[in-house]
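Visitor: First the structure, which I've put down as structure tokens, then a few questions once you've had a look.
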Amino acid sequence: RQFLAYLIGSAVCVPAAGFMSLSERTRWGSVTVAAGGVILAVLEVRLYDIWGG
């Protein structure tokens with residue numbers, strides 16, 4: 001169950017960060033993309049841990 005939640009979260013993370021970045025046209029848009037990348041990295045590490053790696 002956790003694996004599916006992390007998998008969906010990682011699939012939604014990139015488009016959500018991109019949409020939020022496009023809606024925020026200041027320098028904070030770049031920070032939003034960077035934060036989305038960090039979140040995606042954490043989700044991928046958790047997926048790897050759950051999968052049994």
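In the structure tokens, chains take the letters A, B, ... in the order shown, each chain's residues start at 1, and ligands count up from 1 in the order shown.
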What lies within 8 Å of Ala35 (chain A) using only C-alpha atoms, ignoring chain neighbours under 4 positions off, as a PyMOL selection string?

Guide: chain A and resi 17+31+39

Visitor: Those same residues, written as an mmCIF file, in the first residue's frame with all heavy atoms?

Guide:
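Printed below is again_6.cif as written:
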```cif
data_model
loop_
_atom_site.group_PDB
_atom_site.id
_atom_site.type_symbol
_atom_site.label_atom_id
_atom_site.label_comp_id
_atom_site.auth_asym_id
_atom_site.auth_seq_id
_atom_site.Cartn_x
_atom_site.Cartn_y
_atom_site.Cartn_z
ATOM 1 N N ALA A 17 4.985 20.365 -9.653
ATOM 2 C CA ALA A 17 6.042 21.374 -9.493
ATOM 3 C C ALA A 17 6.131 22.254 -10.730
ATOM 4 O O ALA A 17 6.311 23.469 -10.633
ATOM 5 C CB ALA A 17 7.377 20.709 -9.210
ATOM 6 N N VAL A 31 12.764 28.067 -7.360
ATOM 7 C CA VAL A 31 12.860 27.390 -6.060
ATOM 8 C C VAL A 31 11.826 26.271 -5.986
ATOM 9 O O VAL A 31 12.102 25.189 -5.445
ATOM 10 C CB VAL A 31 12.668 28.405 -4.908
ATOM 11 C CG1 VAL A 31 12.600 27.708 -3.573
ATOM 12 C CG2 VAL A 31 13.779 29.431 -4.933
ATOM 13 N N ILE A 39 12.006 16.608 -3.509
ATOM 14 C CA ILE A 39 10.903 15.732 -3.090
ATOM 15 C C ILE A 39 10.889 14.462 -3.927
ATOM 16 O O ILE A 39 10.702 13.362 -3.404
ATOM 17 C CB ILE A 39 9.563 16.483 -3.176
ATOM 18 C CG1 ILE A 39 9.515 17.571 -2.111
ATOM 19 C CG2 ILE A 39 8.389 15.524 -3.025
ATOM 20 C CD1 ILE A 39 8.348 18.525 -2.254
#
```

Visitor: Excluding same-chain residues fewer than 2 positions from region 1-3 of chain A, what lies within 7 Å of it counting only C-alpha atoms, as number ranges by chain?

Guide: A: 5-7, 47, 50

Visitor: Go ahead and write the residues just picked, N, CA and C atoms, as a PDB file, in the first residue's frame.

Guide:
```pdb
ATOM      1  N   ALA A   5       1.371   4.378  -2.917  1.00  0.00           N
ATOM      2  CA  ALA A   5       1.256   5.801  -2.584  1.00  0.00           C
ATOM      3  C   ALA A   5       2.513   6.575  -2.995  1.00  0.00           C
ATOM      4  N   TYR A   6       3.691   6.000  -2.740  1.00  0.00           N
ATOM      5  CA  TYR A   6       4.938   6.654  -3.150  1.00  0.00           C
ATOM      6  C   TYR A   6       5.068   6.690  -4.673  1.00  0.00           C
ATOM      7  N   LEU A   7       4.606   5.650  -5.342  1.00  0.00           N
ATOM      8  CA  LEU A   7       4.664   5.601  -6.791  1.00  0.00           C
ATOM      9  C   LEU A   7       3.771   6.676  -7.414  1.00  0.00           C
ATOM     10  N   LEU A  47      10.903   4.524  -2.388  1.00  0.00           N
ATOM     11  CA  LEU A  47      10.444   3.426  -3.242  1.00  0.00           C
ATOM     12  C   LEU A  47      11.493   2.313  -3.285  1.00  0.00           C
ATOM     13  N   ILE A  50      11.408   0.408   0.038  1.00  0.00           N
ATOM     14  CA  ILE A  50      10.230  -0.441   0.180  1.00  0.00           C
ATOM     15  C   ILE A  50      10.312  -1.649  -0.734  1.00  0.00           C
TER      16      ILE A  50
END
```

Visitor: Can you work out the spacing between CA of Leu43 (chain A) and CA of Arg27 (chain A) in Å, to one decimal?

Guide: 24.9 Å

Visitor: Would you kindly return, as an mmCIF file with N, CA, C and O atoms, in the first residue's frame, each protein, DNA or RNA residue with an atom no farther than 9 Å from any atom of Gly36 (chain A), considering only C-alpha atoms and excluding same-chain residues fewer than 6 positions away?

Guide:
```
data_model
loop_
_atom_site.group_PDB
_atom_site.id
_atom_site.type_symbol
_atom_site.label_atom_id
_atom_site.label_comp_id
_atom_site.auth_asym_id
_atom_site.auth_seq_id
_atom_site.Cartn_x
_atom_site.Cartn_y
_atom_site.Cartn_z
ATOM 1 N N CYS A 13 4.498 14.422 -8.717
ATOM 2 C CA CYS A 13 5.403 15.453 -8.203
ATOM 3 C C CYS A 13 5.932 16.375 -9.297
ATOM 4 O O CYS A 13 5.908 17.601 -9.144
ATOM 5 N N VAL A 14 6.406 15.821 -10.384
ATOM 6 C CA VAL A 14 7.014 16.632 -11.438
ATOM 7 C C VAL A 14 5.990 17.542 -12.131
ATOM 8 O O VAL A 14 6.227 18.743 -12.262
ATOM 9 N N ALA A 16 3.174 18.647 -10.943
ATOM 10 C CA ALA A 16 2.694 19.623 -9.967
ATOM 11 C C ALA A 16 3.721 20.731 -9.758
ATOM 12 O O ALA A 16 3.360 21.917 -9.705
ATOM 13 N N ALA A 17 4.985 20.365 -9.653
ATOM 14 C CA ALA A 17 6.042 21.374 -9.493
ATOM 15 C C ALA A 17 6.131 22.254 -10.730
ATOM 16 O O ALA A 17 6.311 23.469 -10.633
ATOM 17 N N GLY A 18 5.996 21.666 -11.905
ATOM 18 C CA GLY A 18 6.025 22.447 -13.137
ATOM 19 C C GLY A 18 4.865 23.423 -13.239
ATOM 20 O O GLY A 18 5.049 24.579 -13.627
#
```

Visitor: CA of Leu40 (chain A) and CA of Leu22 (chain A), how far apart in Å?

Guide: 18.2 Å

Visitor: Which is closest to Thr32 (chain A) among A:Gly52, A:Glu44, A:Ser10, A:Phe19, if we use only C-alpha atoms?

Guide: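 Smallest distance to Thr32 (chain A) is found for A:Phe19.
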